[in-house]
Every structure is written in structure tokens, then in C-alpha cells.
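Read through the structure below, which is laid out as C-alpha cells, and then see the notes.
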Amino acid sequence: RTVTSRNSTGALQDLTYDYLVLSPGSNTNTFGVPGADQHAFFMRELGDAIALRNHIIDCFEHAATERDPATKAELLRFVVVGAGPTGVELAAEMQDLIHNILNRRYPEVDPGAVEVYLIQSGNQVLPGWHPAMAAQTEKQLRVIRVALRLETRVTAVAPNGVTLGTGEQIQARTVVWCTGVKPAEIMKACGLPATRSGQVVVQPVAPGALTPKAFMTSVVLSENTCRMSAPTIGPIK
């Protein structure tokens with residue numbers, strides 16, 4: 001049992017193993033929406049959060065002296081795409097930053113002009129969660145003035161906003177993409193059986209079974225064989 005890799009000099013080398021665990025990580029899934037990779041913020045690492053915070057502050061800085069109403073509205077409108085746990089938390093934290101800090105520091109900005117949109121293609125926030133939890137979350141989001149757009153798809157992202165499936169455009173200088181992840185691109189080169197979405201197909205894991213020699217972390221496992229109650233790794237078929 002060997003794995004072939006390429007070292008820092010470019011030479012190929014074979015590594016033998018007793019057990020192999022593949023943990024390639026994941027990439028943000030934009031579902032092929034035009035402009036998402038180029039114009040949207042992603043929320044995966046600490047650096048992403050810092051960059052977004054600084055951008056929001058810059059928007060207020062510019063809006064405080066902007067005289068054109070249309071440009072000022074774009075600067076003060078923020079769009080979060082995807083109402084899973086990341087999108088929900090981000091929208092709430094953005095409102096907290098805006099209304100508890102930035103509105104005080106920039107009295108030139110009308111608080112009523114600031115808008116935070118949360119767009120979700122499904123019919124509830126937190127898809128897959130218990131409906132009662134989703135309903136309570138939706139209620140709280142409306143209380144803090146997050147504008148929810150459910151059953152709405154984003155079909156394009158531009159430097160100054162998004163286009164929805166209805167053809168409507170939301171003009172905004174800030175778009176944050178929080179629609180989930182997909183397997184890392186390196187998995188395509190591994191030649192493993194995979195689903196159409198790129199998830200590797202694994203065997204069900206029997207308690208205590210250690211016969212398989214290669215395992216895959218759950219971030220890229222097929223949903224057909226990996227359930228919430230299953231271990232976080234599974235043997236490759």
C-alpha cells in the first residue's frame with residue numbers, strides 16, 4: 001500500500017502506509033453563480049472575518065461623506081447569501097456591529113438607511129434544523145431588523161450587488177457568500193468513487209471494525225452513507 005506524492009523539488013516519491021486518512025478540507029461552494037468567486041466575501045477563516053469587518057467600517061466611512069443618494073444606499077446595504085448557521089450568525093453579528101458601534105461613531109449616517117439582507121433559497125432559515133428552532137430564529141432575526149428573503153435564489157453577483165431569480169436586483173457594495181462547502185479540488189485527482197457533487201462514496205462503519213486501511217473525513221463523505229449519528233470518518237469503498 002503506497003501513496004505517490006510530489007515533493008518540494010517536483011520529484012515523485014512513494015510513501016508506504018499502514019493506515020491512510022484523507023483530510024483534504026473543502027472549498028466554498030458557489031454553485032456556479034456568475035460573479036460569486038470574484039465579487040463576494042467568503043466566511044471560512046479568521047482573516048475573512050477581519051477583512052469583512054474592515055470593509056464594513058470603510059463603507060460607513062465613505063457613506064458619512066457621500067452626497068449621491070444612490071451610492072450612499074449601496075454603501076449602507078449589506079447582503080448575506082445563505083441562511084444556514086454561518087449566514088444567520090453573520091447577519092446577526094453585522095447588525096450588532098452596525099447598531100451598537102458604527103451608528104454611534106458615524107452620526108452623519110442615518111441608522112434607518114442601513115439594511116442587512118439575508119437571502120435563502122429554501123423556505124426556512126437553518127435548513128435541516130427542527131422547524132420550531134428555525135421559526136424562533138426567524139422571529140429573532142426580524143426583531144433585529146434583518147430583511148429575510150426566503151425561497152429566493154441569487155443568480156449573479158456584481159461589484160455593486162446581486163441579481164435574484166425573479167430578475168430583481170439588490171444594489172449593495174457588500175455581498176457575503178455563506179451557502180456551504182464542496183470537496184477540495186484535489187479529490188478529483190484521487191480517482192475515488194464519488195457522487196455527482198464530488199462527495200466520496202464510503203462504506204458504512206461497523207462498531208470496532210478496523211479492517212479497512214484507508215479512511216476519509218466526513219467533510220467530503222457521500223450523504224448517502226454518512227449520517228449525523230455516524231462517526232466523523234468512514235472507510236473508502
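Ligands are numbered from 1 in the order shown, chains are lettered A, B, ... in the order of the C-alpha cells, and residues start at 1 in each chain.
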TODO: Run DSSP on the backbone and grab whatever in stretch 5-221 of chain A lands in strand (DSSP E or B); send it over as number ranges by chain.
DONE: A: 5-6, 12-16, 20-22, 26-28, 41-42, 77-81, 115-119, 146-149, 154-158, 161-164, 169-171, 174-177, 181-183, 194, 200, 202, 214-217, 221
Could the residues of stretch 68-173 of chain A that have an atom at most 6 Å from stretch 27-39 of chain A be listed as a tab-separated table, each with its closest atom pair and the distance in Å to one decimal, counting only C-alpha atoms and ordered by chain and ascending residue number?
residue	atom	partner	partner_atom	distance
A:Thr155	CA	A:Val33	CA	5.8
A:Ala156	CA	A:Pro34	CA	5.0
A:Val157	CA	A:Gly35	CA	4.6
A:Ala158	CA	A:Gly35	CA	5.8
A:Pro159	CA	A:His39	CA	5.6
Create the file for the chosen residues now, containing N, CA and C atoms and written as a PDB file, in the first residue's frame.
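Just written: result.pdb:
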ATOM      1  N   THR A 155     -28.802  34.688  -8.659  1.00  0.00           N
ATOM      2  CA  THR A 155     -28.362  34.145  -9.947  1.00  0.00           C
ATOM      3  C   THR A 155     -27.097  34.823 -10.471  1.00  0.00           C
ATOM      4  N   ALA A 156     -26.709  35.938  -9.893  1.00  0.00           N
ATOM      5  CA  ALA A 156     -25.482  36.610 -10.322  1.00  0.00           C
ATOM      6  C   ALA A 156     -25.037  37.574  -9.231  1.00  0.00           C
ATOM      7  N   VAL A 157     -23.713  37.753  -9.145  1.00  0.00           N
ATOM      8  CA  VAL A 157     -23.134  38.705  -8.204  1.00  0.00           C
ATOM      9  C   VAL A 157     -22.268  39.681  -8.991  1.00  0.00           C
ATOM     10  N   ALA A 158     -22.430  40.963  -8.709  1.00  0.00           N
ATOM     11  CA  ALA A 158     -21.670  42.015  -9.384  1.00  0.00           C
ATOM     12  C   ALA A 158     -20.970  42.878  -8.328  1.00  0.00           C
ATOM     13  N   PRO A 159     -20.066  43.754  -8.745  1.00  0.00           N
ATOM     14  CA  PRO A 159     -19.389  44.616  -7.764  1.00  0.00           C
ATOM     15  C   PRO A 159     -20.350  45.490  -6.968  1.00  0.00           C
TER      16      PRO A 159
END
- [ ] Could you give me, as number ranges by chain, the residues within 10 Å of A:Thr65, counting only C-alpha atoms and dropping anything in the same chain fewer than 5 positions from it?
- [x] A: 60, 72, 108-109
Selected residues written out with N, CA and C atoms, as a JSON list (two decimals), in the first residue's frame:
[["chain", "number", "residue", "atom", "x", "y", "z"],
["A", 60, "PHE", "N", -19.05, 52.63, 5.97],
["A", 60, "PHE", "CA", -19.60, 53.70, 6.80],
["A", 60, "PHE", "C", -18.76, 54.96, 6.66],
["A", 72, "LYS", "N", -24.72, 56.21, -1.68],
["A", 72, "LYS", "CA", -24.80, 56.05, -0.23],
["A", 72, "LYS", "C", -25.66, 54.84, 0.13],
["A", 108, "GLU", "N", -23.25, 60.96, 11.20],
["A", 108, "GLU", "CA", -23.67, 61.52, 9.92],
["A", 108, "GLU", "C", -24.52, 60.53, 9.13],
["A", 109, "VAL", "N", -24.45, 59.26, 9.49],
["A", 109, "VAL", "CA", -25.19, 58.21, 8.79],
["A", 109, "VAL", "C", -26.54, 57.99, 9.46]]
- [ ] Name the closest residue to A:Asp48 among the candidates A:Cys178, A:Val21, A:Thr2, A:Arg67; distances are taken between atoms, counting only C-alpha atoms.
- [x] A:Cys178
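Of note, atom CA of A:Ala51 and atom CA of A:Gly122 are spaced 28.4 Å apart.
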Write out, as a Markdown table, each residue of stretch 23-97 of chain A that has an atom at most 12 Å from stretch 130-137 of chain A, together with the closest pair of atoms and their distance in Å to one decimal, counting only C-alpha atoms, rows going by chain and rising number.
| residue | atom | partner | partner_atom | distance |
| --- | --- | --- | --- | --- |
| A:Ala83 | CA | A:Ala134 | CA | 10.1 |
| A:Gly84 | CA | A:Ala134 | CA | 9.9 |
| A:Pro85 | CA | A:Thr137 | CA | 10.2 |
| A:Gly87 | CA | A:Thr137 | CA | 11.9 |
| A:Val88 | CA | A:Thr137 | CA | 8.3 |
| A:Glu89 | CA | A:Thr137 | CA | 10.1 |
| A:Ala91 | CA | A:Thr137 | CA | 11.7 |
| A:Ala92 | CA | A:Thr137 | CA | 10.4 |
Task: stretch 26-234 of chain A: residues DSSP assigns to alpha helix (DSSP H), reported as a VMD selection string - done: chain A and resid 36 to 39 46 to 63 69 to 75 85 to 97 103 to 105 131 to 143
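Of note, atom CA of A:Val81 and atom CA of A:Gln171 are spaced 13.8 Å apart.
Taking atom CA of A:Thr166 and atom CA of A:Gln124 as the two end points, the separation is 18.4 Å.
Residues with any atom within 8 Å of A:Tyr117, counting only C-alpha atoms and excluding same-chain neighbours fewer than 3 positions away, are Arg77, Phe78, Val79, Val80, Ala91, Val146, Ala147, Leu148 and Arg149 of chain A.
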Selected residues written out with N, CA, C and O atoms, as a tab-separated table (two decimals), in the first residue's frame:
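Result file is selection_25.tsv:
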chain	number	residue	atom	x	y	z
A	77	ARG	N	-25.99	49.08	2.33
A	77	ARG	CA	-26.81	47.89	2.14
A	77	ARG	C	-25.88	46.68	2.10
A	77	ARG	O	-24.92	46.64	1.35
A	78	PHE	N	-26.19	45.67	2.92
A	78	PHE	CA	-25.33	44.50	3.08
A	78	PHE	C	-26.14	43.24	2.82
A	78	PHE	O	-27.23	43.07	3.38
A	79	VAL	N	-25.61	42.35	1.98
A	79	VAL	CA	-26.33	41.16	1.56
A	79	VAL	C	-25.57	39.92	2.00
A	79	VAL	O	-24.38	39.76	1.67
A	80	VAL	N	-26.25	39.04	2.73
A	80	VAL	CA	-25.69	37.75	3.13
A	80	VAL	C	-26.46	36.68	2.37
A	80	VAL	O	-27.69	36.61	2.46
A	91	ALA	N	-25.30	37.55	9.87
A	91	ALA	CA	-26.26	38.64	9.74
A	91	ALA	C	-26.53	39.29	11.10
A	91	ALA	O	-26.61	40.52	11.21
A	146	VAL	N	-33.27	42.29	10.42
A	146	VAL	CA	-32.64	41.65	9.27
A	146	VAL	C	-33.74	41.38	8.25
A	146	VAL	O	-34.77	40.77	8.58
A	147	ALA	N	-33.54	41.82	7.02
A	147	ALA	CA	-34.55	41.63	5.97
A	147	ALA	C	-34.39	40.24	5.36
A	147	ALA	O	-33.43	39.97	4.64
A	148	LEU	N	-35.33	39.35	5.68
A	148	LEU	CA	-35.27	37.97	5.20
A	148	LEU	C	-35.90	37.85	3.82
A	148	LEU	O	-37.00	38.37	3.59
A	149	ARG	N	-35.23	37.15	2.93
A	149	ARG	CA	-35.78	36.85	1.61
A	149	ARG	C	-35.70	35.33	1.43
A	149	ARG	O	-34.67	34.82	0.98
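Residue nearest A:Gly198, chosen from A:Gly82, A:Pro24, A:Pro183, A:Pro107 and counting only C-alpha atoms: A:Pro183.
Restricting the calculation to only C-alpha atoms, the smallest distance between A:Val181 and any of A:Arg44, A:Arg1, A:Arg6, A:His55 is found for A:Arg44.
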Open item on the list: I need the residue nearest A:Leu141 from this list: A:Leu46, A:Leu90, A:Leu76, A:Cys190. Use only C-alpha atoms for the distance.
Closed with: A:Leu90
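Of the listed residues A:His99, A:His62, A:Arg196, A:Lys188, the one whose atoms come nearest to A:Arg173 is A:His62, with distances taken using only C-alpha atoms.
The shell of residues at most 12 Å from A:Asn100, with only C-alpha atoms counted and near chain neighbours (fewer than 6 positions) removed, consists of Ala92, Glu93, Met94, Tyr106, Pro111 and Ile144 of chain A.
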Put those residues in a file: all heavy atoms, as a PDB file, in the first residue's frame.
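Dumped everything to selection13.pdb:
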ATOM      1  N   ALA A  92     -26.659  38.460  12.128  1.00  0.00           N
ATOM      2  CA  ALA A  92     -26.905  38.997  13.472  1.00  0.00           C
ATOM      3  C   ALA A  92     -25.698  39.786  13.985  1.00  0.00           C
ATOM      4  O   ALA A  92     -25.849  40.860  14.581  1.00  0.00           O
ATOM      5  CB  ALA A  92     -27.248  37.855  14.426  1.00  0.00           C
ATOM      6  N   GLU A  93     -24.495  39.260  13.746  1.00  0.00           N
ATOM      7  CA  GLU A  93     -23.293  39.955  14.205  1.00  0.00           C
ATOM      8  C   GLU A  93     -23.082  41.262  13.446  1.00  0.00           C
ATOM      9  O   GLU A  93     -22.608  42.250  14.012  1.00  0.00           O
ATOM     10  CB  GLU A  93     -22.075  39.045  14.035  1.00  0.00           C
ATOM     11  CG  GLU A  93     -22.034  37.860  14.985  1.00  0.00           C
ATOM     12  CD  GLU A  93     -21.821  38.274  16.428  1.00  0.00           C
ATOM     13  OE1 GLU A  93     -21.358  39.413  16.668  1.00  0.00           O
ATOM     14  OE2 GLU A  93     -22.125  37.464  17.320  1.00  0.00           O
ATOM     15  N   MET A  94     -23.432  41.278  12.172  1.00  0.00           N
ATOM     16  CA  MET A  94     -23.327  42.514  11.406  1.00  0.00           C
ATOM     17  C   MET A  94     -24.251  43.580  11.977  1.00  0.00           C
ATOM     18  O   MET A  94     -23.860  44.750  12.126  1.00  0.00           O
ATOM     19  CB  MET A  94     -23.650  42.243   9.935  1.00  0.00           C
ATOM     20  CG  MET A  94     -22.574  41.459   9.205  1.00  0.00           C
ATOM     21  SD  MET A  94     -23.054  40.968   7.522  1.00  0.00           S
ATOM     22  CE  MET A  94     -23.117  42.567   6.709  1.00  0.00           C
ATOM     23  N   TYR A 106     -20.489  57.115  13.691  1.00  0.00           N
ATOM     24  CA  TYR A 106     -20.762  57.869  12.469  1.00  0.00           C
ATOM     25  C   TYR A 106     -22.166  58.478  12.558  1.00  0.00           C
ATOM     26  O   TYR A 106     -23.099  58.013  11.913  1.00  0.00           O
ATOM     27  CB  TYR A 106     -20.643  56.963  11.240  1.00  0.00           C
ATOM     28  CG  TYR A 106     -19.250  56.428  11.043  1.00  0.00           C
ATOM     29  CD1 TYR A 106     -18.888  55.192  11.566  1.00  0.00           C
ATOM     30  CD2 TYR A 106     -18.284  57.177  10.371  1.00  0.00           C
ATOM     31  CE1 TYR A 106     -17.600  54.694  11.395  1.00  0.00           C
ATOM     32  CE2 TYR A 106     -16.993  56.690  10.203  1.00  0.00           C
ATOM     33  CZ  TYR A 106     -16.658  55.453  10.724  1.00  0.00           C
ATOM     34  OH  TYR A 106     -15.385  54.968  10.568  1.00  0.00           O
ATOM     35  N   PRO A 111     -29.314  55.905  10.763  1.00  0.00           N
ATOM     36  CA  PRO A 111     -29.449  54.483  11.100  1.00  0.00           C
ATOM     37  C   PRO A 111     -30.562  53.794  10.324  1.00  0.00           C
ATOM     38  O   PRO A 111     -30.469  52.602  10.020  1.00  0.00           O
ATOM     39  CB  PRO A 111     -29.751  54.506  12.599  1.00  0.00           C
ATOM     40  CG  PRO A 111     -29.178  55.792  13.084  1.00  0.00           C
ATOM     41  CD  PRO A 111     -29.377  56.755  11.960  1.00  0.00           C
ATOM     42  N   ILE A 144     -34.391  42.069  15.096  1.00  0.00           N
ATOM     43  CA  ILE A 144     -33.200  42.919  14.972  1.00  0.00           C
ATOM     44  C   ILE A 144     -33.087  43.541  13.576  1.00  0.00           C
ATOM     45  O   ILE A 144     -32.035  44.031  13.195  1.00  0.00           O
ATOM     46  CB  ILE A 144     -31.923  42.138  15.316  1.00  0.00           C
ATOM     47  CG1 ILE A 144     -31.705  40.970  14.343  1.00  0.00           C
ATOM     48  CG2 ILE A 144     -31.961  41.652  16.750  1.00  0.00           C
ATOM     49  CD1 ILE A 144     -30.376  40.248  14.548  1.00  0.00           C
TER      50      ILE A 144
END
